[in-house]
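Pasting work08.txt here (compact mmCIF, C-alpha atoms):
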# COMPACT_ATOMS: atom_id res chain seq x y z
CA MET X 1 179.57 121.17 157.11
CA ALA X 2 183.31 121.12 157.20
CA ILE X 3 186.50 122.58 155.97
CA PHE X 4 188.58 119.73 154.69
CA SER X 5 192.03 121.14 154.13
CA VAL X 6 194.18 124.21 153.65
CA TYR X 7 197.08 124.55 151.22
CA VAL X 8 199.50 127.46 150.88
CA VAL X 9 201.46 127.74 147.62
CA ASN X 10 204.39 130.10 147.13
CA LYS X 11 205.19 132.33 144.14
CA ALA X 12 207.04 129.59 142.26
CA GLY X 13 204.24 127.06 142.65
CA GLY X 14 205.75 125.02 145.47
CA LEU X 15 203.62 123.86 148.36
CA ILE X 16 204.79 125.53 151.56
CA TYR X 17 202.03 124.53 153.93
CA GLN X 18 199.37 121.90 154.09
CA TYR X 19 196.84 121.10 156.78
CA ASP X 20 194.16 118.41 156.74
CA ASN X 21 191.44 119.53 159.07
CA HIS X 22 188.81 116.91 158.61
CA VAL X 23 189.08 114.43 155.83
CA PRO X 24 186.20 111.98 155.79
CA ARG X 25 187.93 108.66 156.07
CA THR X 26 185.91 105.67 155.13
CA GLU X 27 187.86 102.78 156.50
CA VAL X 28 186.57 99.26 156.86
CA GLU X 29 188.38 96.52 158.67
CA LYS X 30 187.25 92.95 158.13
CA THR X 31 188.52 89.50 158.83
CA PHE X 32 188.85 87.26 155.82
CA SER X 33 189.36 83.57 155.35
CA PHE X 34 191.07 81.85 152.41
CA PRO X 35 190.40 82.36 149.55
CA LEU X 36 189.99 86.10 149.36
CA ASP X 37 186.91 87.04 147.34
CA LEU X 38 188.20 90.46 146.39
CA VAL X 39 190.48 90.88 143.40
CA LEU X 40 193.48 93.00 144.26
CA LYS X 41 196.04 94.62 142.00
CA ILE X 42 199.02 96.90 142.35
CA HIS X 43 198.47 100.48 141.29
CA ASP X 44 200.87 103.36 141.93
CA GLU X 45 202.85 101.48 144.55
CA LYS X 46 199.68 100.60 146.48
CA VAL X 47 197.54 97.49 146.61
CA VAL X 48 194.00 98.40 145.57
CA VAL X 49 190.73 96.56 145.07
CA SER X 50 190.14 96.15 141.35
CA PHE X 51 187.01 93.99 141.48
CA GLY X 52 184.57 92.76 144.09
CA GLN X 53 182.66 95.09 146.36
CA ARG X 54 181.17 94.09 149.68
CA ASP X 55 180.36 95.47 153.09
CA GLY X 56 181.59 98.97 152.43
CA ILE X 57 184.76 97.95 150.63
CA ARG X 58 184.68 99.62 147.24
CA VAL X 59 186.66 99.34 144.06
CA GLY X 60 189.61 101.67 144.33
CA HIS X 61 190.03 101.28 148.07
CA ALA X 62 193.57 100.55 149.08
CA VAL X 63 194.90 98.11 151.64
CA LEU X 64 195.75 100.27 154.63
CA SER X 65 196.77 97.72 157.22
CA ILE X 66 197.04 93.96 157.71
CA ASN X 67 196.30 92.48 161.12
CA GLY X 68 196.45 95.92 162.65
CA VAL X 69 199.87 96.82 161.30
CA ASP X 70 200.04 99.59 158.68
CA VAL X 71 201.34 98.47 155.32
CA ASN X 72 204.24 100.06 153.53
CA GLY X 73 203.27 100.59 149.89
CA LYS X 74 202.84 97.21 148.31
CA ASN X 75 204.71 95.36 151.05
CA THR X 76 203.75 94.61 154.59
CA SER X 77 205.65 96.40 157.31
CA GLU X 78 207.99 93.42 157.49
CA GLY X 79 208.82 93.77 153.81
CA LYS X 80 206.84 90.86 152.44
CA GLU X 81 204.84 91.44 149.27
CA ILE X 82 201.17 91.73 150.17
CA LEU X 83 199.84 89.87 147.14
CA GLU X 84 202.15 86.92 147.85
CA TYR X 85 201.20 87.02 151.50
CA LEU X 86 197.52 86.85 150.69
CA LYS X 87 197.96 83.93 148.28
CA ASP X 88 199.31 81.73 151.07
CA PRO X 89 196.45 79.94 152.92
CA ALA X 90 198.66 79.54 155.99
CA ASN X 91 198.37 83.25 156.73
CA TYR X 92 194.59 83.14 157.08
CA PRO X 93 192.36 84.18 158.81
CA VAL X 94 193.68 87.68 158.25
CA SER X 95 192.22 91.02 159.19
CA ILE X 96 192.63 93.66 156.47
CA LYS X 97 191.71 97.31 156.66
CA PHE X 98 190.57 98.89 153.40
CA GLY X 99 190.01 102.54 152.79
CA ARG X 100 190.52 105.42 150.45
CA ALA X 101 194.24 105.83 150.02
CA ARG X 102 195.67 108.87 151.77
CA LEU X 103 197.60 111.30 149.62
CA SER X 104 201.30 111.14 150.36
CA SER X 105 203.13 114.43 150.87
CA ASN X 106 204.86 114.04 147.51
CA GLU X 107 201.51 113.64 145.81
CA LYS X 108 200.27 116.76 147.55
CA LEU X 109 203.33 118.68 146.35
CA MET X 110 202.68 117.57 142.81
CA LEU X 111 199.00 118.45 142.96
CA ALA X 112 199.81 121.90 144.33
CA SER X 113 202.23 122.63 141.48
CA MET X 114 199.68 121.39 138.98
CA PHE X 115 197.06 123.63 140.47
CA HIS X 116 199.49 126.55 140.25
CA SER X 117 199.82 125.93 136.50
CA LEU X 118 196.08 125.49 136.01
CA PHE X 119 195.52 128.71 137.89
CA ALA X 120 197.71 130.53 135.39
CA ILE X 121 195.95 128.85 132.47
CA GLY X 122 192.64 129.97 133.94
CA SER X 123 193.61 133.60 133.62
CA GLN X 124 195.01 133.11 130.13
CA LEU X 125 191.85 131.46 128.84
CA SER X 126 189.85 134.50 129.78
CA PRO X 127 188.14 136.34 126.94
CA GLU X 128 188.45 139.53 129.00
CA VAL X 129 191.77 141.22 129.66
CA GLY X 130 193.16 141.16 133.16
CA SER X 131 191.22 138.26 134.54
CA SER X 132 192.19 136.70 137.81
CA GLY X 133 193.15 133.06 137.97
CA ILE X 134 190.88 130.26 139.21
CA GLU X 135 188.95 131.47 142.24
CA MET X 136 186.72 128.49 142.77
CA LEU X 137 186.60 124.92 141.60
CA GLU X 138 183.36 123.08 142.29
CA THR X 139 182.64 119.37 142.32
CA ASP X 140 179.75 117.49 143.86
CA ALA X 141 181.79 116.50 146.90
CA PHE X 142 183.74 119.67 147.66
CA LYS X 143 184.49 123.24 146.65
CA LEU X 144 188.05 124.48 146.26
CA HIS X 145 188.49 128.20 146.96
CA CYS X 146 191.67 130.00 145.98
CA PHE X 147 192.88 133.46 146.86
CA GLN X 148 196.05 134.87 145.30
CA THR X 149 197.70 137.84 146.99
CA LEU X 150 199.30 140.69 145.05
CA THR X 151 202.65 139.15 145.91
CA GLY X 152 201.84 135.81 144.29
CA ILE X 153 201.13 133.63 147.34
CA LYS X 154 198.06 131.41 146.96
CA PHE X 155 195.84 130.32 149.81
CA ILE X 156 193.68 127.33 148.90
CA VAL X 157 190.84 125.99 151.03
CA LEU X 158 188.94 122.78 150.27
CA ALA X 159 185.55 122.78 151.93
CA ASP X 160 182.11 121.26 151.90
CA PRO X 161 180.04 122.74 149.04
CA ARG X 162 177.51 124.16 151.49
CA GLN X 163 180.14 125.87 153.66
CA THR X 164 179.85 129.65 153.62
CA GLY X 165 182.20 132.39 154.73
CA ILE X 166 185.24 130.98 152.94
CA ASP X 167 186.18 134.33 151.41
CA ALA X 168 186.45 135.85 154.84
CA LEU X 169 188.36 132.77 155.99
CA LEU X 170 190.88 133.15 153.16
CA ARG X 171 191.49 136.78 154.14
CA LYS X 172 191.87 135.69 157.77
CA ILE X 173 194.41 133.05 156.79
CA TYR X 174 196.34 135.75 154.92
CA GLU X 175 196.38 137.83 158.10
CA ILE X 176 197.52 134.86 160.15
CA TYR X 177 200.27 134.19 157.59
CA SER X 178 201.44 137.79 157.69
CA ASP X 179 201.46 137.70 161.49
CA PHE X 180 202.77 134.35 162.59
CA ALA X 181 204.85 133.28 159.63
CA LEU X 182 206.26 136.55 158.31
CA LYS X 183 206.82 138.26 161.63
CA ASN X 184 208.76 135.24 162.82
CA PRO X 185 212.33 136.33 162.00
CA PHE X 186 213.48 132.73 161.72
CA TYR X 187 211.05 131.93 158.94
CA SER X 188 212.57 132.39 155.46
CA LEU X 189 210.27 133.56 152.70
CA GLU X 190 209.00 131.02 150.16
CA MET X 191 210.14 128.13 152.40
CA PRO X 192 207.86 125.54 154.06
CA ILE X 193 206.09 127.06 157.03
CA ARG X 194 207.02 125.32 160.25
CA CYS X 195 205.69 127.73 162.85
CA GLU X 196 203.74 126.44 165.86
CA LEU X 197 201.81 129.66 166.32
CA PHE X 198 200.76 129.65 162.68
CA ASP X 199 199.36 126.10 163.05
CA GLN X 200 197.52 126.93 166.26
CA ASN X 201 195.96 130.12 164.98
CA LEU X 202 195.02 128.51 161.69
CA LYS X 203 193.22 125.68 163.51
CA GLY X 204 191.46 128.23 165.67
CA SER X 205 190.22 130.23 162.72
CA LEU X 206 189.02 127.08 160.92
CA GLU X 207 186.98 126.17 164.00
CA VAL X 208 185.49 129.64 164.13
CA ALA X 209 184.61 129.50 160.44
CA GLU X 210 182.96 126.11 160.76
CA LYS X 211 180.93 127.13 163.79
CA ALA X 212 179.88 130.46 162.35
CA ALA X 213 178.58 128.83 159.21
CA THR X 214 176.14 126.57 161.03
CA PHE X 215 174.12 129.60 162.10
CA GLY X 216 173.59 130.91 158.63
CA PRO X 217 175.46 132.68 155.86
CA VAL X 218 178.31 134.90 156.97
CA SER X 219 179.60 137.71 154.75
CA MET W 220 203.02 160.44 173.31
CA SER W 221 201.86 157.11 171.97
CA ARG W 222 200.87 155.90 168.55
CA GLN W 223 198.62 153.11 167.38
CA SER W 224 200.60 150.01 166.54
CA ASN W 225 199.74 148.16 163.36
CA ARG W 226 197.22 145.91 165.05
CA THR W 227 194.10 147.80 164.04
CA SER W 228 191.98 144.87 165.18
CA ASP W 229 193.21 144.90 168.78
CA SER W 230 194.13 148.61 168.90
CA LYS W 231 197.12 148.06 171.15
CA LYS W 232 199.00 151.25 171.75
CA MET W 233 202.75 151.28 171.96
CA ASN W 234 204.93 154.01 173.31
CA SER W 235 206.59 155.69 170.34
CA GLU W 236 209.51 156.74 172.50
CA LEU W 237 210.40 153.09 172.98
CA PHE W 238 210.38 152.75 169.20
CA THR W 239 212.64 155.79 168.80
CA LEU W 240 214.99 154.49 171.49
CA THR W 241 215.10 151.04 169.89
CA TYR W 242 215.97 152.47 166.49
CA GLY W 243 218.56 154.74 168.04
CA ALA W 244 220.20 151.85 169.84
CA LEU W 245 220.28 149.93 166.57
CA VAL W 246 221.99 152.76 164.68
CA THR W 247 224.56 153.49 167.36
CA GLN W 248 225.47 149.81 167.65
CA LEU W 249 225.89 149.61 163.89
CA CYS W 250 228.11 152.69 164.01
CA LYS W 251 230.28 151.05 166.65
CA ASP W 252 230.44 147.81 164.68
CA TYR W 253 231.22 149.27 161.27
CA GLU W 254 232.84 152.64 162.09
CA ASN W 255 232.16 153.79 158.53
CA ASP W 256 229.04 155.85 157.77
CA GLU W 257 228.62 154.50 154.24
CA GLU W 258 228.71 150.94 155.50
CA VAL W 259 226.15 151.74 158.20
CA ASN W 260 223.87 153.31 155.60
CA LYS W 261 224.15 150.16 153.51
CA GLN W 262 223.38 147.89 156.47
CA LEU W 263 220.38 149.96 157.49
CA ASP W 264 219.10 149.80 153.93
CA LYS W 265 219.54 146.02 153.88
CA MET W 266 217.69 145.63 157.17
CA GLY W 267 214.97 147.87 155.86
CA TYR W 268 214.71 145.71 152.75
CA ASN W 269 214.20 142.59 154.86
CA ILE W 270 211.52 144.36 156.85
CA GLY W 271 209.89 145.63 153.65
CA VAL W 272 209.48 142.24 151.97
CA ARG W 273 207.53 141.02 155.00
CA LEU W 274 205.73 144.22 155.85
CA ILE W 275 204.04 144.39 152.44
CA GLU W 276 202.01 141.25 153.17
CA ASP W 277 200.90 142.64 156.51
CA PHE W 278 199.94 145.86 154.76
CA LEU W 279 197.99 144.08 152.02
CA ALA W 280 196.29 141.79 154.53
CA ARG W 281 195.12 144.64 156.73
CA SER W 282 194.27 147.34 154.23
CA SER W 283 191.98 146.37 151.39
CA VAL W 284 194.09 148.19 148.82
CA GLY W 285 194.11 146.52 145.41
CA ARG W 286 196.84 146.63 142.78
CA CYS W 287 197.95 150.13 141.82
CA HIS W 288 197.82 150.80 138.10
CA ASP W 289 200.32 153.61 137.89
CA PHE W 290 203.02 155.28 139.89
CA ARG W 291 200.78 158.15 141.00
CA GLU W 292 198.34 155.73 142.60
CA THR W 293 201.28 153.99 144.27
CA ALA W 294 202.54 157.28 145.66
CA ASP W 295 199.12 158.11 147.10
CA VAL W 296 198.73 154.72 148.71
CA ILE W 297 202.22 154.92 150.23
CA ALA W 298 201.67 158.38 151.65
CA LYS W 299 198.07 158.22 152.75
CA VAL W 300 197.64 154.60 153.81
CA ALA W 301 201.00 152.97 154.49
CA PHE W 302 202.81 155.76 156.29
CA LYS W 303 199.68 156.48 158.29
CA MET W 304 199.29 152.84 159.26
CA TYR W 305 202.85 152.22 160.35
CA LEU W 306 204.34 155.52 161.44
CA GLY W 307 201.27 157.59 162.16
CA VAL W 308 202.38 160.42 159.88
CA THR W 309 201.03 161.41 156.48
CA PRO W 310 203.70 162.82 154.18
CA SER W 311 202.74 164.96 151.21
CA VAL W 312 203.48 163.88 147.66
CA THR W 313 205.13 166.60 145.57
CA ASN W 314 207.80 167.40 142.97
CA TRP W 315 206.63 165.07 140.30
CA SER W 316 209.11 164.73 137.45
CA PRO W 317 207.72 165.58 133.97
CA ALA W 318 207.77 161.92 132.98
CA GLY W 319 205.75 161.01 136.07
CA ASP W 320 208.30 158.47 137.25
CA GLU W 321 209.79 160.33 140.17
CA PHE W 322 208.25 162.05 143.17
CA SER W 323 209.06 163.31 146.65
CA LEU W 324 207.54 162.48 149.98
CA ILE W 325 207.81 165.45 152.31
CA LEU W 326 207.65 164.49 155.98
CA GLU W 327 207.01 167.28 158.43
CA SER W 328 207.94 164.97 161.29
CA ASN W 329 209.84 161.71 161.30
CA PRO W 330 209.13 159.50 164.32
CA LEU W 331 212.49 157.78 163.97
CA VAL W 332 214.43 160.96 164.68
CA ASP W 333 212.56 162.40 167.66
CA PHE W 334 215.13 163.76 170.09
CA VAL W 335 218.06 162.83 167.79
CA GLU W 336 221.00 165.06 166.89
CA LEU W 337 223.76 163.96 164.54
CA PRO W 338 227.24 164.61 165.90
CA ASP W 339 229.90 166.19 163.65
CA ASN W 340 231.85 163.00 163.07
CA HIS W 341 228.87 161.33 161.37
CA ASN W 342 228.26 163.74 158.53
CA ASN W 343 227.64 161.02 155.97
CA LEU W 344 225.25 159.00 158.06
CA VAL W 345 221.74 158.85 156.64
CA TYR W 346 220.03 158.08 159.93
CA SER W 347 216.71 156.93 158.52
CA SER W 348 218.14 154.70 155.78
CA LEU W 349 215.95 151.92 157.10
CA LEU W 350 212.93 153.66 155.58
CA CYS W 351 214.54 153.60 152.13
CA GLY W 352 215.08 149.87 152.43
CA VAL W 353 211.54 149.26 153.63
CA LEU W 354 210.04 151.13 150.69
CA ARG W 355 212.34 149.41 148.21
CA GLY W 356 211.67 145.93 149.63
CA SER W 357 207.91 146.23 149.79
CA LEU W 358 207.55 147.61 146.28
CA GLU W 359 209.78 144.89 144.90
CA MET W 360 207.33 142.29 146.22
CA VAL W 361 204.57 143.91 144.18
CA GLN W 362 206.68 143.82 141.05
CA MET W 363 208.02 147.40 141.08
CA ALA W 364 211.71 148.21 141.10
CA VAL W 365 212.30 151.62 142.64
CA ASP W 366 215.21 153.72 143.77
CA VAL W 367 214.69 155.46 147.12
CA ARG W 368 216.96 158.05 148.68
CA PHE W 369 216.87 160.94 151.08
CA ALA W 370 217.01 164.31 149.34
CA GLN W 371 216.66 166.37 152.50
CA ASP W 372 217.11 165.40 156.14
CA THR W 373 216.21 167.48 159.18
CA LEU W 374 219.16 165.91 160.99
CA ARG W 375 221.53 167.41 158.43
CA GLY W 376 220.13 170.89 158.79
CA ASP W 377 217.29 170.94 156.27
CA ASN W 378 213.81 172.17 157.15
CA VAL W 379 211.93 169.06 156.20
CA THR W 380 212.69 165.44 155.48
CA GLU W 381 212.34 164.65 151.80
CA ILE W 382 212.40 161.12 150.41
CA ARG W 383 212.82 160.93 146.65
CA MET W 384 211.38 157.85 144.94
CA LYS W 385 212.14 156.95 141.37
CA PHE W 386 210.43 154.24 139.37
CA ILE W 387 212.98 152.12 137.55
CA LYS W 388 211.02 149.33 135.96
CA ARG W 389 208.32 146.75 136.38
CA ILE W 390 209.72 143.40 137.48
CA GLU W 391 208.49 140.89 134.94
CA GLU W 392 209.86 137.66 136.44
CA ASN W 393 207.58 135.61 138.66
CA LEU W 394 204.51 137.69 137.92
CA PRO W 395 201.46 136.31 139.72
CA ALA W 396 199.06 134.81 137.19
CA GLY W 397 196.58 137.29 135.87
CA ASP W 398 198.83 140.35 135.86
CA GLU W 399 200.44 140.89 132.57
With the file now loaded, output its structure as structure tokens.
Amino acid sequence: MAIFSVYVVNKAGGLIYQYDNHVPRTEVEKTFSFPLDLVLKIHDEKVVVSFGQRDGIRVGHAVLSINGVDVNGKNTSEGKEILEYLKDPANYPVSIKFGRARLSSNEKLMLASMFHSLFAIGSQLSPEVGSSGIEMLETDAFKLHCFQTLTGIKFIVLADPRQTGIDALLRKIYEIYSDFALKNPFYSLEMPIRCELFDQNLKGSLEVAEKAATFGPVS
Amino acid sequence: MSRQSNRTSDSKKMNSELFTLTYGALVTQLCKDYENDEEVNKQLDKMGYNIGVRLIEDFLARSSVGRCHDFRETADVIAKVAFKMYLGVTPSVTNWSPAGDEFSLILESNPLVDFVELPDNHNNLVYSSLLCGVLRGSLEMVQMAVDVRFAQDTLRGDNVTEIRMKFIKRIEENLPAGDE
């Protein structure tokens, strides 16, 4: 049971804070010899597996590192194109790490703004007047909980579907925000939160929430 | 004399005299810096505004007050919950205008002005201007534009301190989704 990540979105829809607590990373590193039996293609500036699954490497997994060195988009860290590199038999045997591609910070920013718009659409779709926006989004792998304050700030928590006590956690995060971000005179409103104490206290409260949930439902 | 600070969860008590002294030091320094009462009033109001925009989140996080639907509800929440939480006093809400858009908060005691006397050369100084700014700033963050001023001030010879609040308009830009 885990809390995966926390996002804080400001009034205008911009992401001002993001924390990945525990993202299940399935990464597989294997040594390959020429020729490579996986079909790779370039997608969104990353090299992903388009066909050929084996040993935990799935379609959609991206190349994360080659021979232990993290790749840079579709090039190796030295700037060579990965697909070209892997076509050359002289470079084999090669050890490649595959895994689910991590979201870059730009992608997270975009997703947060999109969620902000969807949140507004949620309240407009309502057949009843005065509905709130999206409070929970459920999939089979996670539940997204959202709490919007009266001032327009949104606190979003992505957690395991079985995790309980998220409502209380969202209120606690609001308290932590009002304490360690707002009471810091050097923090400007609506700007990205870069406060040590906020990070520390947030991590602490996530731990408490995770532990408390393992003993049963918490109000 | 000590009052509960706003940490209701840890119930730390702070000496209110330190608070009064701190505010007094702030006002006197501003007077020295600006030498003009009107300017000092403006600065205090600005500082209050900056406090207000942050204080509102603390208030909403700690009290479970929901959105107020009219100005009367707002007045009650300000007097009974907010003032109690932050200054330890509960003003009374009176003098409603016929249109219901203006009211007065009557404070029997004002913690900011304990032990304070205004000298003759500062007749135009509104000592507690900070409070006006705080109220204005916090309400602006919940989409209400208000005008706040002191109608009576014990420092200027009146019997009570009276804060007059007037509702100007609802701020329609940047409304959080779901409030229209």
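Closest to chain W among X:Lys172, X:Arg25, X:Lys41, X:His61 is X:Lys172, based on only C-alpha atoms.
In this comparison, which uses all atoms listed in the file, the residue of X:Ala62, X:Asp20, X:Met110, X:Asn10 approaching Leu206 of chain X most closely is X:Asp20.
Going from atom CA of Val300 of chain W over to atom CA of Lys231 of chain W, you cover 18.5 Å.
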Dump as a ChimeraX atom specification the residues of chain X that approach chain W to within 6 Å, counting all atoms listed in the file. /X:120,123,130-133,151-152,175,178,182
Between atom CA of Val312 of chain W and atom CA of Val379 of chain W, what is the spacing in Å? 13.1 Å
In Å and to one decimal, atom CA of Thr31 of chain X is distant from atom CA of Phe98 of chain X by 11.0 Å
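Distances to Cys146 of chain X were evaluated for X:Val129, X:Leu38, X:Ala212, X:Ala159 using all atoms listed in the file, and the minimum falls at X:Ala159.
Closest approach to Phe369 of chain W from the set W:Met304, W:Leu245, W:Leu324, W:Leu337 is made by W:Leu324, with distances taken over only C-alpha atoms.
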Can you pull out the residues contacting Glu321 of chain W? Cut-off 12 Å, using all atoms listed in the file, and skip same-chain residues under 5 positions away; I want them as a PyMOL selection string. chain W and resi 289-291+293-294+312-316+365-368+382-388
Would you please work out which residue, of X:Gln163, X:Ser126, X:Ser33, X:Ser113, is nearest to Leu144 of chain X when using all atoms listed in the file? X:Gln163
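With only C-alpha atoms as the basis for measurement, X:Ile57 is the residue among X:Ile57, X:Leu125, X:Phe147, X:Asp88 that approaches Thr26 of chain X most closely.
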Within 12 Å of Val49 of chain X using all atoms listed in the file, minus same-chain residues under 6 positions, as a compact mmCIF listing (two decimals) with C-alpha atoms, keeping the file's coordinate frame:
# COMPACT_ATOMS: atom_id res chain seq x y z
CA LEU X 36 189.99 86.10 149.36
CA ASP X 37 186.91 87.04 147.34
CA LEU X 38 188.20 90.46 146.39
CA VAL X 39 190.48 90.88 143.40
CA LEU X 40 193.48 93.00 144.26
CA LYS X 41 196.04 94.62 142.00
CA ILE X 42 199.02 96.90 142.35
CA HIS X 43 198.47 100.48 141.29
CA GLY X 56 181.59 98.97 152.43
CA ILE X 57 184.76 97.95 150.63
CA ARG X 58 184.68 99.62 147.24
CA VAL X 59 186.66 99.34 144.06
CA GLY X 60 189.61 101.67 144.33
CA HIS X 61 190.03 101.28 148.07
CA ALA X 62 193.57 100.55 149.08
CA VAL X 63 194.90 98.11 151.64
CA LEU X 64 195.75 100.27 154.63
CA LEU X 83 199.84 89.87 147.14
CA ILE X 96 192.63 93.66 156.47
CA LYS X 97 191.71 97.31 156.66
CA PHE X 98 190.57 98.89 153.40
CA GLY X 99 190.01 102.54 152.79
CA ARG X 100 190.52 105.42 150.45
CA ALA X 101 194.24 105.83 150.02
